[in-house]
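Enquirer: Below is data07.cif; it holds mmCIF, C-alpha atoms.
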```cif
data_final
#
loop_
_atom_site.label_atom_id
_atom_site.label_comp_id
_atom_site.auth_asym_id
_atom_site.auth_seq_id
_atom_site.Cartn_x
_atom_site.Cartn_y
_atom_site.Cartn_z
CA MET Q 1 -1.73 15.95 3.46
CA GLN Q 2 0.51 15.92 0.39
CA LEU Q 3 4.10 15.82 1.63
CA VAL Q 4 7.22 16.08 -0.53
CA ILE Q 5 10.82 15.45 0.53
CA ARG Q 6 13.17 17.48 -1.65
CA ARG Q 7 16.61 19.09 -1.68
CA TYR Q 8 17.08 22.30 0.22
CA ARG Q 9 16.71 25.59 -1.68
CA PRO Q 10 18.13 28.98 -0.61
CA SER Q 11 14.55 30.29 -0.26
CA ASP Q 12 14.01 27.74 2.55
CA LYS Q 13 16.61 29.33 4.83
CA ASP Q 14 14.42 31.34 7.21
CA ALA Q 15 11.94 28.50 7.72
CA VAL Q 16 14.72 25.95 8.20
CA LEU Q 17 16.61 28.06 10.74
CA THR Q 18 13.41 28.72 12.70
CA LEU Q 19 12.52 25.03 12.75
CA PHE Q 20 16.08 24.14 13.77
CA SER Q 21 16.03 26.58 16.69
CA ILE Q 22 12.65 25.41 17.95
CA GLY Q 23 13.48 21.74 17.48
CA ILE Q 24 16.71 21.88 19.48
CA GLN Q 25 15.56 24.17 22.28
CA GLU Q 26 12.47 22.09 23.01
CA HIS Q 27 14.87 19.56 24.61
CA ILE Q 28 15.55 21.99 27.45
CA ARG Q 29 12.46 20.99 29.42
CA PRO Q 30 12.88 17.19 29.24
CA CYS Q 31 16.58 17.64 30.04
CA PHE Q 32 15.70 19.63 33.17
CA TYR Q 33 12.93 17.19 34.17
CA ASN Q 34 15.20 14.15 33.77
CA ALA Q 35 17.92 15.75 35.86
CA MET Q 36 15.62 17.14 38.53
CA THR Q 37 13.70 13.89 39.06
CA SER Q 38 16.78 11.71 39.47
CA PRO Q 39 17.03 10.20 43.00
CA LEU Q 40 20.35 11.93 43.63
CA TYR Q 41 19.09 15.40 42.73
CA LEU Q 42 15.86 14.94 44.67
CA ALA Q 43 17.98 14.00 47.69
CA ILE Q 44 20.18 17.09 47.20
CA SER Q 45 17.10 19.32 47.00
CA LEU Q 46 15.70 17.83 50.20
CA ALA Q 47 19.06 18.14 51.98
CA LEU Q 48 19.35 21.81 50.99
CA CYS Q 49 15.83 22.44 52.22
CA VAL Q 50 16.62 20.90 55.61
CA THR Q 51 19.96 22.73 55.81
CA GLY Q 52 18.26 26.04 55.06
CA CYS Q 53 15.78 25.40 57.85
CA LEU Q 54 18.49 24.53 60.35
CA LEU Q 55 20.84 27.39 59.47
CA SER Q 56 18.39 30.22 59.09
CA SER Q 57 14.63 30.07 58.68
CA VAL Q 58 11.80 29.06 56.40
CA LEU Q 59 13.20 31.57 53.91
CA GLY Q 60 16.48 29.68 53.86
CA ALA Q 61 14.60 26.45 53.26
CA VAL Q 62 13.23 28.03 50.09
CA VAL Q 63 16.29 29.97 48.91
CA LEU Q 64 18.88 27.16 49.04
CA PRO Q 65 16.93 24.53 47.07
CA GLY Q 66 15.63 27.32 44.81
CA ALA Q 67 19.20 28.31 43.93
CA TRP Q 68 20.03 24.66 43.22
CA VAL Q 69 17.01 24.24 40.94
CA GLY Q 70 17.86 27.53 39.20
CA LEU Q 71 21.41 26.39 38.58
CA LEU Q 72 20.19 23.13 37.07
CA TYR Q 73 17.75 24.90 34.77
CA TYR Q 74 20.44 27.36 33.70
CA CYS Q 75 22.75 24.47 32.76
CA CYS Q 76 20.03 22.64 30.81
CA HIS Q 77 19.00 25.83 29.01
CA ASN Q 78 22.54 26.85 28.18
CA LEU Q 79 23.47 23.38 26.91
CA TYR Q 80 20.90 23.51 24.11
CA ALA Q 81 20.55 27.27 23.58
CA SER Q 82 24.30 27.73 23.15
CA PHE Q 83 24.37 24.80 20.71
CA VAL Q 84 21.74 26.53 18.58
CA LYS Q 85 23.67 29.81 18.71
CA GLU Q 86 26.90 28.12 17.65
CA ARG Q 87 25.33 26.17 14.80
CA LEU Q 88 23.46 29.22 13.46
CA ARG Q 89 26.80 31.03 13.40
CA THR Q 90 28.62 28.20 11.59
CA ASP Q 91 27.29 25.38 9.37
CA MET Q 92 23.60 26.43 9.36
CA GLN Q 93 24.55 29.93 8.27
CA ASP Q 94 25.51 28.65 4.81
CA ILE Q 95 23.69 25.37 4.13
CA PRO Q 96 24.54 25.17 0.39
CA ALA Q 97 28.27 25.50 1.08
CA ASN Q 98 28.32 23.07 4.00
CA TYR Q 99 25.80 20.45 2.89
CA LEU Q 100 25.28 20.73 -0.86
CA SER Q 101 28.66 21.59 -2.37
CA ARG Q 102 29.77 17.94 -2.79
CA PRO Q 103 27.88 15.20 -4.69
CA ASP Q 104 27.89 12.81 -1.71
CA ASP Q 105 26.48 15.37 0.74
CA CYS Q 106 22.85 16.45 0.86
CA PHE Q 107 20.31 18.44 2.82
CA TRP Q 108 16.61 17.65 2.48
CA VAL Q 109 13.45 19.36 3.66
CA ALA Q 110 9.97 17.90 4.02
CA GLU Q 111 7.42 20.29 2.57
CA ALA Q 112 3.63 20.16 2.77
CA GLU Q 113 0.85 22.47 1.67
CA VAL Q 114 -1.14 23.83 4.60
CA ASP Q 115 -4.06 26.20 3.98
CA GLY Q 116 -2.85 26.72 0.43
CA ARG Q 117 0.70 27.62 1.49
CA ALA Q 118 3.86 25.49 1.36
CA GLN Q 119 5.45 24.94 4.77
CA ILE Q 120 8.65 23.21 5.90
CA MET Q 121 7.75 20.35 8.28
CA GLY Q 122 11.11 18.66 8.71
CA MET Q 123 14.73 18.47 7.68
CA VAL Q 124 17.73 16.15 7.64
CA ALA Q 125 21.27 16.26 6.25
CA VAL Q 126 24.04 13.83 5.44
CA VAL Q 127 27.78 14.40 5.03
CA ALA Q 128 30.27 11.95 3.48
CA LYS Q 129 33.30 10.97 5.57
CA GLN Q 130 36.49 9.12 4.59
CA SER Q 131 38.22 6.76 7.03
CA GLY Q 132 41.13 5.03 5.33
CA LYS Q 133 39.66 3.20 2.34
CA GLU Q 134 36.18 3.12 3.83
CA ARG Q 135 33.61 5.77 3.06
CA HIS Q 136 30.84 6.29 5.56
CA ALA Q 137 28.19 8.93 6.08
CA GLU Q 138 27.10 11.01 9.04
CA LEU Q 139 23.48 12.01 9.56
CA PHE Q 140 22.92 15.55 10.86
CA ARG Q 141 20.17 18.05 11.69
CA MET Q 142 17.22 15.67 11.91
CA ILE Q 143 14.35 17.92 13.04
CA ILE Q 144 10.59 17.40 12.76
CA SER Q 145 8.04 20.14 13.42
CA PRO Q 146 6.22 19.46 16.74
CA SER Q 147 2.89 19.72 14.91
CA TYR Q 148 3.72 16.92 12.48
CA ARG Q 149 5.20 14.21 14.65
CA ARG Q 150 3.85 10.67 14.99
CA MET Q 151 2.89 10.73 11.32
CA GLY Q 152 5.85 8.74 10.01
CA LEU Q 153 7.72 11.80 8.75
CA GLY Q 154 10.82 11.12 10.84
CA PHE Q 155 10.98 7.57 9.49
CA ARG Q 156 10.66 8.81 5.90
CA LEU Q 157 13.41 11.41 6.33
CA ALA Q 158 15.81 8.96 7.97
CA GLN Q 159 15.03 6.34 5.32
CA THR Q 160 15.78 8.94 2.64
CA VAL Q 161 19.27 9.28 4.13
CA VAL Q 162 19.77 5.50 4.32
CA ASP Q 163 18.68 5.02 0.68
CA PHE Q 164 20.92 7.88 -0.47
CA CYS Q 165 23.90 6.31 1.33
CA LYS Q 166 23.25 2.85 -0.11
CA GLU Q 167 23.15 4.27 -3.64
CA ARG Q 168 26.56 5.86 -3.10
CA GLY Q 169 28.15 2.75 -1.66
CA PHE Q 170 28.80 3.95 1.87
CA SER Q 171 29.77 1.23 4.35
CA ASN Q 172 27.67 2.63 7.19
CA VAL Q 173 25.79 5.64 8.55
CA VAL Q 174 26.55 7.17 11.95
CA LEU Q 175 24.81 9.85 13.96
CA GLU Q 176 24.89 11.55 17.32
CA THR Q 177 21.89 12.27 19.50
CA SER Q 178 21.41 13.10 23.17
CA SER Q 179 20.07 10.83 25.89
CA THR Q 180 17.08 13.15 26.41
CA GLN Q 181 15.84 12.54 22.86
CA VAL Q 182 14.05 9.29 23.70
CA ALA Q 183 11.67 9.36 20.72
CA ALA Q 184 14.54 9.96 18.29
CA VAL Q 185 16.56 7.07 19.73
CA ALA Q 186 13.53 4.76 19.38
CA LEU Q 187 13.10 5.84 15.75
CA TYR Q 188 16.74 5.19 14.90
CA GLU Q 189 16.59 1.77 16.54
CA LYS Q 190 13.52 0.96 14.45
CA LEU Q 191 15.56 1.81 11.36
CA GLY Q 192 18.33 -0.59 12.40
CA PHE Q 193 20.73 1.79 14.12
CA SER Q 194 22.60 0.44 17.15
CA HIS Q 195 24.02 2.35 20.10
CA VAL Q 196 27.80 1.93 19.88
CA LEU Q 197 29.25 4.57 22.22
CA SER Q 198 28.36 7.28 24.76
CA HIS Q 199 30.35 10.36 25.74
CA THR Q 200 29.94 13.78 27.33
CA LYS Q 201 32.14 15.85 25.02
CA THR Q 202 30.14 18.83 23.79
CA HIS Q 203 30.60 22.54 23.10
CA ALA Q 204 29.54 23.24 26.72
CA PRO Q 205 31.85 23.17 29.77
CA PHE Q 206 32.34 19.70 31.28
CA TRP Q 207 30.87 20.69 34.67
CA MET Q 208 27.70 21.91 33.00
CA VAL Q 209 27.23 18.72 31.00
CA THR Q 210 27.88 16.70 34.16
CA LEU Q 211 25.20 18.57 36.10
CA THR Q 212 22.61 18.09 33.35
CA ARG Q 213 23.31 14.33 33.32
CA VAL Q 214 23.09 14.37 29.51
CA LYS Q 215 25.04 11.86 27.48
CA ILE Q 216 25.78 12.02 23.77
CA LEU Q 217 24.87 8.75 22.12
CA ILE Q 218 26.67 7.60 18.98
CA MET Q 219 24.52 5.27 16.85
CA GLU Q 220 25.48 3.35 13.74
CA LYS Q 221 23.81 1.40 10.95
CA HIS Q 222 25.79 -0.91 8.65
CA LEU Q 223 24.66 -0.85 5.02
#
```
Would you mind writing the structure in this file as structure tokens?
Expert:
Amino acid sequence: MQLVIRRYRPSDKDAVLTLFSIGIQEHIRPCFYNAMTSPLYLAISLALCVTGCLLSSVLGAVVLPGAWVGLLYYCCHNLYASFVKERLRTDMQDIPANYLSRPDDCFWVAEAEVDGRAQIMGMVAVVAKQSGKERHAELFRMIISPSYRRMGLGFRLAQTVVDFCKERGFSNVVLETSSTQVAAVALYEKLGFSHVLSHTKTHAPFWMVTLTRVKILIMEKHL
């Protein structure tokens, strides 16, 4: 498969937005699974089942834990779905203005020909930041099509960002990812990124993030 990594073009918009939406929302299931299979949440589910039995009937033993599981899934779904909605309304709505208007920013797509037609397989962006006299870069929107993973594409896209930043003399590259994105974290570590900080500050309400047990990981690579 002939694959080319190139700068974003306006004609890529629909394919990029579709890939972005799919790539982010696929984290809903692992987020729910990770939360639901934690010892604490399994214990809560069991306790609700027993309480339902004691207070009412077999129906109660189903309804109470069912409501708990439904609440957890709602939180996991909303965490990622609302992020997609917000990003499609803001920076992803005008990619040239937000990622290509300055010489030290860039947005790339990975394109391959499939059945005689060019298709977008992945994307990544970088934005220059100024902190005092130091200039660093932030990596954004790293998404790979589910059909083209484990082929080294993620490594190539991330390396494209690192090379770009080195050429422009940035001191380091930082990024944020979530604790549910295990494969992405492993890839970044392979590229020399280190986990420097964790937090739970997101666009979603604090109680919702707490229930999902998701942490935002900040990773950094010195150049």
Enquirer: Please write the residues picked by the PyMOL selection byres ((chain Q and resi 102-111) around 6) on this file as a list of chain:residue names.
Expert: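 Evaluating the PyMOL selection byres ((chain Q and resi 102-111) around 6) on these coordinates yields Q:Leu3, Q:Val4, Q:Ile5, Q:Arg6, Q:Arg7, Q:Tyr8, Q:Tyr99, Q:Leu100, Q:Ser101, Q:Ala112, Q:Gln119, Q:Ile120, Q:Met121, Q:Gly122, Q:Met123, Q:Val124, Q:Ala125, Q:Val126, Q:Val127, Q:Ala128.
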Enquirer: Just write the chosen residues, C-alpha atoms, as a JSON list (two decimals), in the coordinates of the input.
Expert:
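What follows is the written file selection.json:
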```json
[["chain", "number", "residue", "atom", "x", "y", "z"],
["Q", 3, "LEU", "CA", 4.10, 15.82, 1.63],
["Q", 4, "VAL", "CA", 7.22, 16.08, -0.53],
["Q", 5, "ILE", "CA", 10.82, 15.45, 0.53],
["Q", 6, "ARG", "CA", 13.17, 17.48, -1.65],
["Q", 7, "ARG", "CA", 16.61, 19.09, -1.68],
["Q", 8, "TYR", "CA", 17.08, 22.30, 0.22],
["Q", 99, "TYR", "CA", 25.80, 20.45, 2.89],
["Q", 100, "LEU", "CA", 25.28, 20.73, -0.86],
["Q", 101, "SER", "CA", 28.66, 21.59, -2.37],
["Q", 112, "ALA", "CA", 3.63, 20.16, 2.77],
["Q", 119, "GLN", "CA", 5.45, 24.94, 4.77],
["Q", 120, "ILE", "CA", 8.65, 23.21, 5.90],
["Q", 121, "MET", "CA", 7.75, 20.35, 8.28],
["Q", 122, "GLY", "CA", 11.11, 18.66, 8.71],
["Q", 123, "MET", "CA", 14.73, 18.47, 7.68],
["Q", 124, "VAL", "CA", 17.73, 16.15, 7.64],
["Q", 125, "ALA", "CA", 21.27, 16.26, 6.25],
["Q", 126, "VAL", "CA", 24.04, 13.83, 5.44],
["Q", 127, "VAL", "CA", 27.78, 14.40, 5.03],
["Q", 128, "ALA", "CA", 30.27, 11.95, 3.48]]
```
Enquirer: Between Q:Leu223, Q:Cys75, Q:Gln181, Q:Asp12, which has the minimum distance to Arg168 of chain Q (counting all atoms listed in the file)?
Expert: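 Ranked by minimum distance to Arg168 of chain Q, first place goes to Q:Leu223.
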Enquirer: What is the atom CA of Ala137 of chain Q to atom CA of Lys85 of chain Q distance in Å?
Expert: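 So the answer is 24.8 Å.
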Enquirer: List the residues selected by the PyMOL selection byres ((chain Q and resi 171) around 9) in the file shown, writing them as a list in words.
Expert: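 Output from the PyMOL selection byres ((chain Q and resi 171) around 9), applied to this file: Glu134, Arg135, His136, Ala137, Cys165, Lys166, Gly169, Phe170, Asn172, Val173, Lys221, His222 and Leu223 of chain Q.
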Enquirer: Please write the residues picked by the PyMOL selection byres ((chain Q and resi 215) around 6) on this file as a list in words.
Expert: Ser178, Ser179, His199, Thr200, Val214 and Ile216 of chain Q
Enquirer: Would you save the residues of that selection, restricted to C-alpha atoms, as a CSV table (one decimal), in the coordinates of the input?
Expert:
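What ended up in again-v1.csv:
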```csv
chain,number,residue,atom,x,y,z
Q,178,SER,CA,21.4,13.1,23.2
Q,179,SER,CA,20.1,10.8,25.9
Q,199,HIS,CA,30.4,10.4,25.7
Q,200,THR,CA,29.9,13.8,27.3
Q,214,VAL,CA,23.1,14.4,29.5
Q,216,ILE,CA,25.8,12.0,23.8
```
Enquirer: Work out how far atom CA of Val174 of chain Q is from atom CA of Asn98 of chain Q, in Å to one decimal.
Expert: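 Rounded to one decimal, the two atoms are 17.9 Å apart.
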Enquirer: Quote the spacing between atom CA of Leu72 of chain Q and atom CA of Arg213 of chain Q in Å to one decimal place.
Expert: 10.1 Å
Enquirer: Tell me which of Q:Ile28, Q:Val63, Q:Val58, Q:Ala97 sits closest to Arg9 of chain Q, counting all atoms listed in the file.
Expert: Q:Ala97
Enquirer: Nearest to Ala81 of chain Q: which of Q:Gln25, Q:Ser45, Q:Gln93, Q:Thr51 is it, counting all atoms listed in the file?
Expert: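 Ranking Q:Gln25, Q:Ser45, Q:Gln93, Q:Thr51 by distance to Ala81 of chain Q, first place goes to Q:Gln25.
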